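Just data.cif here, mmCIF, C-alpha atoms and all ligand atoms:
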```cif
data_query
loop_
_atom_site.label_atom_id
_atom_site.label_comp_id
_atom_site.auth_asym_id
_atom_site.auth_seq_id
_atom_site.Cartn_x
_atom_site.Cartn_y
_atom_site.Cartn_z
CA MET F 256 86.69 -155.28 27.59
CA LYS F 257 88.26 -151.93 26.67
CA ARG F 258 90.32 -149.99 29.18
CA THR F 259 92.80 -147.12 29.23
CA VAL F 260 96.13 -148.40 30.50
CA SER F 261 97.04 -145.76 33.02
CA PHE F 262 100.66 -145.23 33.99
CA SER F 263 101.84 -147.22 36.94
CA LYS F 264 104.72 -146.78 39.35
CA GLU F 265 104.22 -150.40 40.41
CA SER F 266 105.81 -151.71 37.24
CA SER F 267 108.55 -150.52 34.94
CA ASN F 268 109.34 -151.00 31.28
CA VAL F 269 112.89 -151.34 29.99
CA PHE F 270 113.36 -150.79 26.25
CA PHE F 271 116.88 -152.04 25.62
CA HIS F 272 118.48 -151.26 22.23
CA ILE F 273 121.45 -153.62 22.24
CA LEU F 274 122.70 -152.40 18.84
CA THR F 275 121.58 -149.95 16.17
CA ASP F 276 122.57 -151.90 13.04
CA CYS F 277 119.78 -153.24 10.90
CA ASN F 278 119.42 -155.03 7.59
CA LEU F 279 116.43 -152.83 6.68
CA ARG F 280 116.05 -149.08 6.25
CA CYS F 281 112.41 -148.36 6.94
CA ILE F 282 111.02 -144.95 6.02
CA HIS F 283 109.80 -144.27 9.57
CA CYS F 284 112.75 -145.76 11.48
CA TYR F 285 113.46 -143.72 14.62
CA ILE F 286 117.04 -144.93 15.04
CA ASN F 287 119.49 -142.05 14.78
CA LYS F 288 123.06 -143.32 15.00
CA GLU F 289 124.47 -139.84 15.70
CA GLN F 290 122.39 -139.75 18.86
CA HIS F 291 122.18 -143.45 19.77
CA GLY F 292 125.62 -144.75 18.76
CA SER F 293 126.64 -147.18 16.06
CA ASN F 294 128.21 -149.74 18.38
CA SER F 295 126.93 -153.15 19.34
CA LEU F 296 127.08 -153.95 23.06
CA SER F 297 129.17 -156.93 24.11
CA LEU F 298 127.52 -159.73 26.09
CA PRO F 299 129.26 -158.69 29.37
CA GLU F 300 128.00 -155.11 28.83
CA ILE F 301 124.46 -156.31 28.14
CA GLU F 302 124.53 -158.47 31.27
CA ALA F 303 125.86 -155.65 33.44
CA TRP F 304 123.27 -153.20 32.08
CA LEU F 305 120.47 -155.73 32.60
CA GLU F 306 121.52 -155.93 36.24
CA LEU F 307 121.14 -152.15 36.58
CA PHE F 308 117.44 -152.28 35.70
CA ALA F 309 116.38 -155.62 37.17
CA THR F 310 114.47 -154.33 40.17
CA LYS F 311 113.29 -157.22 42.27
CA SER F 312 110.77 -155.06 44.11
CA LYS F 313 108.50 -154.41 41.16
CA LYS F 314 107.28 -155.97 37.97
CA THR F 315 109.80 -155.14 35.24
CA ASN F 316 109.02 -155.76 31.58
CA LEU F 317 112.00 -156.01 29.25
CA ILE F 318 111.92 -155.42 25.51
CA PHE F 319 115.02 -156.20 23.43
CA LEU F 320 115.30 -153.84 20.46
CA GLY F 321 117.77 -152.64 17.84
CA GLY F 322 118.33 -151.96 15.07
CA GLU F 323 117.45 -155.56 14.54
CA PRO F 324 118.22 -157.35 17.84
CA THR F 325 118.48 -160.80 16.25
CA LEU F 326 121.57 -159.56 14.39
CA HIS F 327 123.31 -159.73 17.77
CA PRO F 328 125.00 -163.16 17.95
CA ASP F 329 124.53 -163.34 21.74
CA LEU F 330 120.85 -162.37 21.94
CA SER F 331 119.87 -165.85 23.15
CA LEU F 332 122.41 -165.61 26.02
CA ALA F 333 121.16 -162.12 26.88
CA ILE F 334 117.60 -163.49 27.09
CA LYS F 335 118.73 -166.29 29.40
CA LYS F 336 120.54 -163.77 31.63
CA ALA F 337 117.44 -161.56 31.78
CA ARG F 338 115.35 -164.57 32.77
CA SER F 339 117.78 -165.45 35.57
CA LEU F 340 117.60 -161.86 36.83
CA GLY F 341 113.83 -162.17 37.30
CA TYR F 342 112.46 -159.82 34.65
CA SER F 343 108.74 -160.45 34.71
CA SER F 344 108.32 -160.44 30.94
CA ILE F 345 110.78 -160.59 28.05
CA THR F 346 109.90 -159.52 24.51
CA VAL F 347 112.03 -159.44 21.37
CA ASP F 348 110.97 -156.86 18.78
CA THR F 349 112.03 -158.05 15.34
CA ASN F 350 111.58 -157.21 11.68
CA GLY F 351 111.02 -160.94 11.10
CA TYR F 352 114.32 -161.90 9.51
CA LEU F 353 115.21 -163.79 12.73
CA PHE F 354 118.96 -163.92 12.25
CA ASN F 355 121.39 -166.22 14.03
CA ASP F 356 118.89 -169.06 14.17
CA ILE F 357 117.35 -167.39 17.21
CA LEU F 358 114.18 -169.53 17.30
CA ASN F 359 116.31 -172.63 17.75
CA LYS F 360 118.57 -171.14 20.43
CA ILE F 361 115.84 -170.33 22.93
CA GLY F 362 112.56 -171.92 23.88
CA PRO F 363 109.02 -170.57 24.23
CA ASP F 364 109.38 -170.80 28.03
CA GLU F 365 112.34 -168.39 27.95
CA VAL F 366 110.83 -165.51 26.00
CA ASP F 367 107.30 -164.19 26.48
CA PHE F 368 106.76 -162.68 23.04
CA PHE F 369 108.34 -162.29 19.66
CA SER F 370 106.93 -159.04 18.33
CA PHE F 371 106.98 -158.67 14.54
CA SER F 372 106.85 -155.34 12.72
CA LEU F 373 104.52 -155.29 9.75
CA ASP F 374 103.39 -151.99 8.24
CA GLY F 375 100.92 -153.11 5.64
CA ALA F 376 98.40 -155.88 5.12
CA THR F 377 99.78 -156.28 1.60
CA LYS F 378 103.25 -156.73 0.21
CA THR F 379 102.94 -153.53 -1.84
CA THR F 380 102.30 -151.24 1.10
CA ASN F 381 104.56 -152.96 3.61
CA ASP F 382 107.50 -153.12 1.20
CA MET F 383 107.02 -149.51 0.17
CA ILE F 384 107.65 -148.57 3.81
CA ARG F 385 110.03 -151.30 5.00
CA GLY F 386 111.87 -152.45 1.85
CA LYS F 387 111.49 -155.07 -0.85
CA GLY F 388 111.04 -158.62 0.36
CA SER F 389 110.38 -157.62 3.97
CA TYR F 390 106.69 -158.62 3.90
CA ASP F 391 107.40 -162.20 2.81
CA LYS F 392 110.24 -162.54 5.31
CA CYS F 393 108.13 -161.24 8.17
CA ILE F 394 105.18 -163.51 7.39
CA ALA F 395 107.53 -166.50 7.12
CA GLY F 396 109.13 -165.54 10.47
CA ILE F 397 105.73 -165.30 12.16
CA ARG F 398 104.69 -168.69 10.79
CA ASP F 399 107.92 -170.26 12.00
CA ALA F 400 107.59 -168.74 15.48
CA VAL F 401 103.93 -169.81 15.83
CA LYS F 402 104.80 -173.32 14.65
CA LYS F 403 107.52 -173.57 17.28
CA GLY F 404 105.08 -172.56 20.03
CA PHE F 405 106.20 -168.94 20.72
CA ASN F 406 103.69 -166.25 21.63
CA THR F 407 103.64 -163.68 18.85
CA SER F 408 102.56 -160.10 18.44
CA VAL F 409 102.46 -157.75 15.49
CA ILE F 410 103.33 -154.05 15.62
CA TYR F 411 101.77 -151.81 12.94
CA THR F 412 103.04 -148.24 12.82
CA VAL F 413 100.26 -146.08 11.42
CA SER F 414 101.07 -143.19 9.07
CA SER F 415 99.30 -141.62 6.11
CA LEU F 416 101.01 -144.22 3.93
CA ASN F 417 99.25 -147.20 5.47
CA ILE F 418 96.28 -146.13 7.64
CA LEU F 419 93.68 -147.18 5.10
CA GLU F 420 95.17 -150.65 4.87
CA LEU F 421 94.89 -151.19 8.62
CA LYS F 422 91.29 -152.31 8.06
CA MET F 423 92.65 -155.33 6.19
CA MET F 424 94.76 -156.48 9.13
CA PRO F 425 92.20 -158.27 11.39
CA PRO F 426 91.66 -161.31 9.13
CA LEU F 427 95.41 -161.58 8.46
CA LEU F 428 96.21 -161.55 12.20
CA GLU F 429 93.65 -164.25 12.88
CA LYS F 430 94.91 -166.37 10.01
CA LEU F 431 98.49 -166.12 11.28
CA GLY F 432 97.54 -167.05 14.87
CA ILE F 433 98.77 -163.79 16.44
CA ASP F 434 98.23 -163.33 20.20
CA ARG F 435 98.64 -159.54 20.51
CA PHE F 436 98.31 -156.61 18.12
CA PHE F 437 100.00 -153.28 18.81
CA ILE F 438 98.93 -150.31 16.74
CA GLN F 439 101.45 -147.50 17.00
CA VAL F 440 101.51 -143.99 15.61
CA ILE F 441 104.30 -142.54 13.46
CA GLY F 442 106.74 -140.31 15.35
CA ILE F 443 108.51 -137.50 13.50
CA ARG F 444 112.00 -138.45 14.61
CA GLY F 445 114.86 -140.39 13.07
CA ASN F 446 114.32 -140.99 9.34
CA PRO F 447 111.08 -138.99 8.99
CA VAL F 448 113.02 -135.89 10.05
CA LYS F 449 115.83 -136.53 7.58
CA ASN F 450 113.17 -137.07 4.92
CA ASP F 451 115.85 -137.99 2.41
CA PHE F 452 114.32 -141.20 1.16
CA LEU F 453 112.52 -139.41 -1.65
CA LYS F 454 115.52 -137.49 -2.94
CA PRO F 455 116.80 -138.72 -6.31
CA ASP F 456 120.24 -139.63 -4.91
CA CYS F 457 118.99 -141.25 -1.70
CA HIS F 458 120.52 -144.52 -0.61
CA TYR F 459 117.21 -146.26 0.08
CA ASP F 460 117.60 -148.57 -2.88
CA ASP F 461 115.20 -151.09 -1.40
CA ILE F 462 112.26 -148.72 -1.22
CA ASP F 463 109.81 -148.74 -4.09
CA ARG F 464 108.88 -145.08 -4.11
CA SER F 465 106.30 -145.29 -6.88
CA GLY F 466 103.62 -146.18 -4.35
CA ILE F 467 104.30 -143.02 -2.38
CA ASN F 468 104.00 -140.83 -5.45
CA GLN F 469 100.84 -142.64 -6.49
CA ASN F 470 99.35 -141.60 -3.19
CA GLY F 471 99.69 -138.02 -4.39
CA LEU F 472 102.11 -136.95 -1.70
CA GLU F 473 104.35 -134.08 -2.66
CA GLN F 474 107.90 -135.03 -1.91
CA THR F 475 108.85 -131.92 0.04
CA LYS F 476 105.75 -132.13 2.19
CA LEU F 477 105.88 -135.81 2.99
CA GLN F 478 107.42 -135.30 6.41
CA ALA F 479 104.40 -133.37 7.65
CA LYS F 480 101.99 -135.56 5.75
CA LEU F 481 103.19 -138.79 7.34
CA GLN F 482 101.14 -137.78 10.37
CA VAL F 483 97.47 -138.63 10.51
CA SER F 484 94.72 -136.12 11.37
CA ARG F 485 92.51 -136.58 14.42
CA ALA F 486 89.48 -137.07 12.16
CA LEU F 487 91.07 -139.95 10.25
CA TRP F 488 92.58 -141.50 13.39
CA THR F 489 89.28 -141.54 15.29
CA GLU F 490 87.38 -142.75 12.24
CA ILE F 491 89.61 -145.77 11.64
CA ILE F 492 91.66 -146.83 14.65
CA PRO F 493 89.16 -147.64 17.47
CA GLU F 494 86.79 -149.51 15.14
CA THR F 495 89.58 -151.53 13.53
CA ALA F 496 91.04 -152.32 16.93
CA GLU F 497 87.67 -153.70 18.10
CA LYS F 498 87.44 -155.79 14.95
CA ALA F 499 90.97 -157.17 15.42
CA ALA F 500 90.12 -158.14 19.03
CA GLU F 501 87.03 -160.18 18.08
CA PRO F 502 88.82 -163.54 17.74
CA GLY F 503 90.45 -163.11 21.17
CA ILE F 504 93.54 -161.11 20.20
CA ILE F 505 94.69 -158.50 22.77
CA VAL F 506 94.82 -155.16 20.96
CA THR F 507 96.63 -152.06 22.15
CA TYR F 508 96.65 -148.63 20.51
CA PRO F 509 97.78 -145.17 21.60
CA LYS F 510 95.10 -142.69 22.59
CA VAL F 511 96.89 -139.79 20.81
CA PHE F 512 93.99 -137.30 20.92
CA LEU F 513 92.40 -136.56 24.30
CA SER F 514 88.76 -135.63 24.70
CA PRO F 515 87.89 -132.74 27.08
CA LYS F 516 87.00 -135.20 29.87
CA ASP F 517 90.38 -136.97 29.69
CA THR F 518 93.14 -135.96 32.08
CA PHE F 519 96.55 -135.25 30.59
CA GLU F 520 99.50 -136.95 32.27
CA CYS F 521 103.16 -137.05 31.23
CA ALA F 522 104.66 -140.51 31.64
CA GLY F 523 108.00 -138.87 32.41
CA LEU F 524 106.49 -137.76 35.75
CA VAL F 525 104.21 -140.65 36.64
CA ALA F 526 105.64 -143.81 35.05
CA ASP F 527 108.84 -145.78 35.12
CA ASN F 528 110.09 -146.27 31.56
CA TYR F 529 113.69 -146.49 30.39
CA PHE F 530 114.85 -146.30 26.78
CA ILE F 531 118.46 -147.49 26.70
CA PHE F 532 120.83 -147.05 23.73
CA PRO F 533 124.19 -148.68 23.03
CA ASN F 534 126.10 -145.40 23.47
CA GLY F 535 124.93 -145.41 27.10
CA ARG F 536 122.17 -142.83 26.82
CA VAL F 537 119.05 -143.54 28.88
CA TYR F 538 115.91 -141.58 28.09
CA ARG F 539 112.57 -141.48 29.91
CA CYS F 540 110.68 -140.07 26.90
CA PRO F 541 110.93 -141.57 23.41
CA LEU F 542 110.07 -138.28 21.73
CA CYS F 543 113.32 -136.82 23.11
CA GLU F 544 115.54 -139.44 21.48
CA ASP F 545 116.63 -137.26 18.54
CA PHE F 546 118.31 -134.85 20.96
CA PRO F 547 121.04 -135.07 23.64
CA MET F 548 118.35 -134.55 26.29
CA HIS F 549 118.63 -137.93 28.03
CA SER F 550 118.17 -137.71 31.79
CA MET F 551 120.64 -140.51 32.58
CA VAL F 552 123.72 -142.12 31.11
CA ILE F 553 125.53 -145.40 31.71
CA ARG F 554 129.28 -145.04 32.20
CA GLU F 555 131.52 -147.95 33.25
CA ASN F 556 128.37 -149.97 33.89
CA ARG F 557 127.01 -147.39 36.35
CA LEU F 558 123.77 -145.46 35.89
CA ILE F 559 124.39 -141.74 36.36
CA LYS F 560 121.82 -138.92 36.50
CA ARG F 561 122.57 -135.94 34.25
CA GLY F 562 122.36 -132.30 35.28
CA LYS F 563 120.46 -129.43 33.69
CA ILE F 564 119.09 -129.16 31.07
CA ASN F 565 117.61 -132.50 30.15
CA GLU F 566 114.24 -134.04 29.23
CA SER F 567 113.07 -134.23 32.85
CA HIS F 568 112.90 -130.42 32.96
CA LEU F 569 110.31 -130.45 30.18
CA PHE F 570 107.97 -132.93 31.81
CA LYS F 571 106.61 -130.43 34.36
CA LEU F 572 105.74 -127.77 31.77
CA ASN F 573 101.99 -127.33 31.51
CA ILE F 574 100.79 -126.24 28.08
CA PRO F 575 97.28 -126.20 26.55
CA GLU F 576 98.43 -128.55 23.78
CA GLY F 577 99.19 -131.39 26.25
CA CYS F 578 102.46 -133.14 25.43
CA VAL F 579 105.32 -130.63 25.30
CA MET F 580 107.52 -132.74 23.03
CA ASN F 581 104.67 -133.30 20.60
CA ARG F 582 104.25 -129.50 20.43
CA LEU F 583 107.97 -129.05 19.85
CA ILE F 584 108.76 -131.71 17.27
CA GLN F 585 105.57 -132.89 15.55
CA SER F 586 102.94 -130.19 15.93
CA ASP F 587 101.29 -130.89 12.56
CA ASN F 588 98.80 -133.11 14.40
CA LEU F 589 97.48 -130.14 16.41
CA GLU F 590 94.49 -128.01 15.44
CA TYR F 591 93.60 -124.53 16.72
CA ASN F 592 90.38 -122.52 16.74
CA ALA F 593 90.12 -118.91 15.49
CA ASN F 594 91.29 -117.56 18.88
CA GLY F 595 94.47 -119.60 18.70
CA THR F 596 93.28 -122.03 21.38
CA PRO F 597 94.04 -125.72 20.76
CA GLU F 598 90.97 -127.76 19.79
CA PHE F 599 92.23 -130.70 21.88
CA LYS F 600 95.20 -131.96 23.83
CA VAL F 601 97.61 -134.55 22.50
CA ALA F 602 98.19 -137.38 24.98
CA CYS F 603 101.50 -138.74 26.12
CA CYS F 604 102.67 -141.14 23.38
CA MET F 605 102.79 -143.91 25.99
CA LEU F 606 99.11 -143.67 27.00
CA LYS F 607 97.32 -146.68 25.52
CA GLU F 608 93.89 -148.14 25.09
CA GLU F 609 93.82 -151.89 25.51
CA ILE F 610 91.09 -154.27 24.37
CA LEU F 611 91.09 -157.57 26.25
CA PRO F 612 89.15 -160.65 25.16
S1 LIG F 701 112.34 -149.65 11.93
FE1 LIG F 701 113.31 -151.50 12.77
S2 LIG F 701 113.48 -152.90 11.03
FE2 LIG F 701 113.14 -150.85 10.18
S3 LIG F 701 115.17 -150.00 9.80
FE3 LIG F 701 114.57 -149.34 11.85
S4 LIG F 701 115.41 -150.87 13.24
FE4 LIG F 701 115.41 -151.76 11.17
S1 LIG F 702 105.71 -138.06 25.12
FE1 LIG F 702 105.19 -136.05 25.99
S2 LIG F 702 103.88 -136.50 27.70
FE2 LIG F 702 104.96 -138.44 27.18
S3 LIG F 702 106.84 -138.51 28.43
FE3 LIG F 702 107.35 -137.45 26.52
S4 LIG F 702 107.06 -135.26 26.96
FE4 LIG F 702 105.97 -136.42 28.54
#
```
Representation of the structure as structure tokens:
Amino acid sequence: MKRTVSFSKESSNVFFHILTDCNLRCIHCYINKEQHGSNSLSLPEIEAWLELFATKSKKTNLIFLGGEPTLHPDLSLAIKKARSLGYSSITVDTNGYLFNDILNKIGPDEVDFFSFSLDGATKTTNDMIRGKGSYDKCIAGIRDAVKKGFNTSVIYTVSSLNILELKMMPPLLEKLGIDRFFIQVIGIRGNPVKNDFLKPDCHYDDIDRSGINQNGLEQTKLQAKLQVSRALWTEIIPETAEKAAEPGIIVTYPKVFLSPKDTFECAGLVADNYFIFPNGRVYRCPLCEDFPMHSMVIRENRLIKRGKINESHLFKLNIPEGCVMNRLIQSDNLEYNANGTPEFKVACCMLKEEILP
């Protein structure tokens, strides 16, 4: 069964970045330490901040993120605290290295999902994007988690570097025993904006850049070319998602391009999502995270609303291109006709299609 997951005020989603450090330096990483902080939250801070968002009145889904959240030595205690506070689901997003023996410090009844990031069906493509050795580590981490009885999901961030290889993912997911598959779309924020990974003196020693050049991408234009056209997206994504769902895997992918019959909605107005960073910033829109536009901030463990101008003032703007932030920061995915009218609207990045078994 395929359905569009409409935004709901009945549930909320809390994306909690407990640190920004990471052992990897992926090409498309959205973490921006200037904007998000370079600190790691202490356990008492994590617990106090969890209390701020644990609303008993509605279903609240919690996702622990980083950086790499398993680098935090107290992640297992944070998970236990979240469970005691009544969060309705708890997910850990990981690059698969699973530091601090995390799979042995918590049980499958304490965490709902370990979500592994894999950006290629092959070592060559994944390691070109995420760094040498990351494919093998991630696969080993998935196998270990499945063996120990945890529910697992895989997140695949689609860009021009790996969209063709997405078609090879369904058999791999089935073989690994994955429960959920999240297809995401590259956002032009964080590293893709810096675009320094192709410069001769860049510090991304782990990245094998030969694969990128083989793809014929000009270095200076890579930033724009990371995005995928509507034609390629619609040709590959829905069909591959259906294929991946055949063995009973739940598959979710962003709508991205709206058809004329689809209604545009901004999640900032109609949903309840919080993106929390260790410097205390709280955003409602992920596309705003490269800018000091957060609508709230946590100070002394209190959640405070910020005054003008912040992201919330953009959400009400009505433009023919759909999402305002997409128009502002990553408009290379838009197309216009000869009159200058957009050919289609771009959906909110949080609007998803979900295929259920
Ligand atoms: S995308 Fe994730 S795994 Fe990759 S560098 Fe960023 S935080 Fe680390
Ligand atoms: S991605 Fe666009 S539509 Fe979605 S919350 Fe942000 S500004 Fe609104």
Write out, as CSV, each residue of chain F that has an atom at most 7 Å from ligand LIG 701 (chain F), together with the closest pair of atoms and their distance in Å to one decimal, counting only C-alpha atoms and all ligand atoms, rows going by chain and rising number.
```
residue,atom,partner,partner_atom,distance
F:Thr275,CA,F:LIG701,S4,6.9
F:Cys277,CA,F:LIG701,FE4,4.6
F:Asn278,CA,F:LIG701,FE4,6.3
F:Leu279,CA,F:LIG701,S3,4.4
F:Arg280,CA,F:LIG701,S3,3.8
F:Cys281,CA,F:LIG701,FE2,4.2
F:His283,CA,F:LIG701,S1,6.4
F:Cys284,CA,F:LIG701,S1,3.9
F:Tyr285,CA,F:LIG701,FE3,6.4
F:Ile286,CA,F:LIG701,FE3,6.0
F:Gly321,CA,F:LIG701,S4,5.5
F:Gly322,CA,F:LIG701,S4,3.6
F:Glu323,CA,F:LIG701,S4,5.3
F:Thr349,CA,F:LIG701,S2,6.9
F:Asn350,CA,F:LIG701,S2,4.8
F:Arg385,CA,F:LIG701,FE2,6.1
```
Exercise for the section: Counting all atoms listed in the file, name the residues that have an atom within 10 Å of an atom of ligand LIG 702 (chain F); the answer should be given as a ChimeraX atom specification. Expected result: /F:511,519-526,528,538-544,566-572,577-583,601-606
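With all atoms listed in the file taken into account, the protein and nucleic acid residues at most 9 Å from Phe308 of chain F (excluding it and anything under 6 positions from it in its own chain) are Val269, Thr315 and Tyr529 of chain F.
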Produce a file of the selected residues containing C-alpha atoms, as a short mmCIF file (atom, residue, chain, number, x, y, z; two decimals), in the coordinates of the input.
```
data_model
loop_
_atom_site.label_atom_id
_atom_site.label_comp_id
_atom_site.auth_asym_id
_atom_site.auth_seq_id
_atom_site.Cartn_x
_atom_site.Cartn_y
_atom_site.Cartn_z
CA VAL F 269 112.89 -151.34 29.99
CA THR F 315 109.80 -155.14 35.24
CA TYR F 529 113.69 -146.49 30.39
#
```
Write out as lines of an AutoDock Vina configuration file an axis-aligned box for segment 363-367 of chain F: all of its atoms listed in the file, 3 Å added on each side, centre and edge lengths in Å with one decimal.
```
center_x = 109.8
center_y = -167.5
center_z = 26.1
size_x = 11.0
size_y = 12.6
size_z = 9.8
```
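Distance check against Lys257 of chain F using all atoms listed in the file: of F:Val552, F:Ala496, F:Met383, F:Ile559, the minimum falls on F:Ala496.
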Using all atoms listed in the file, which residues sit within 9 Å of Trp304 of chain F once same-chain residues fewer than 4 positions away are excluded, as an mmCIF file with C-alpha atoms, in the coordinates of the input?
```
data_model
loop_
_atom_site.group_PDB
_atom_site.id
_atom_site.type_symbol
_atom_site.label_atom_id
_atom_site.label_comp_id
_atom_site.auth_asym_id
_atom_site.auth_seq_id
_atom_site.Cartn_x
_atom_site.Cartn_y
_atom_site.Cartn_z
ATOM 1 C CA PRO F 299 129.260 -158.690 29.370
ATOM 2 C CA GLU F 300 128.000 -155.110 28.830
ATOM 3 C CA PHE F 308 117.440 -152.280 35.700
ATOM 4 C CA ALA F 309 116.380 -155.620 37.170
ATOM 5 C CA ILE F 553 125.530 -145.400 31.710
ATOM 6 C CA ASN F 556 128.370 -149.970 33.890
ATOM 7 C CA ARG F 557 127.010 -147.390 36.350
ATOM 8 C CA LEU F 558 123.770 -145.460 35.890
#
```
Exercise for the section: May I have the residues at most 7 Å from (121.9, -162.7, 34.9) in the file's coordinates, counting only C-alpha atoms, as a PyMOL selection string? Expected result: chain F and resi 302+306+336-337+339-340
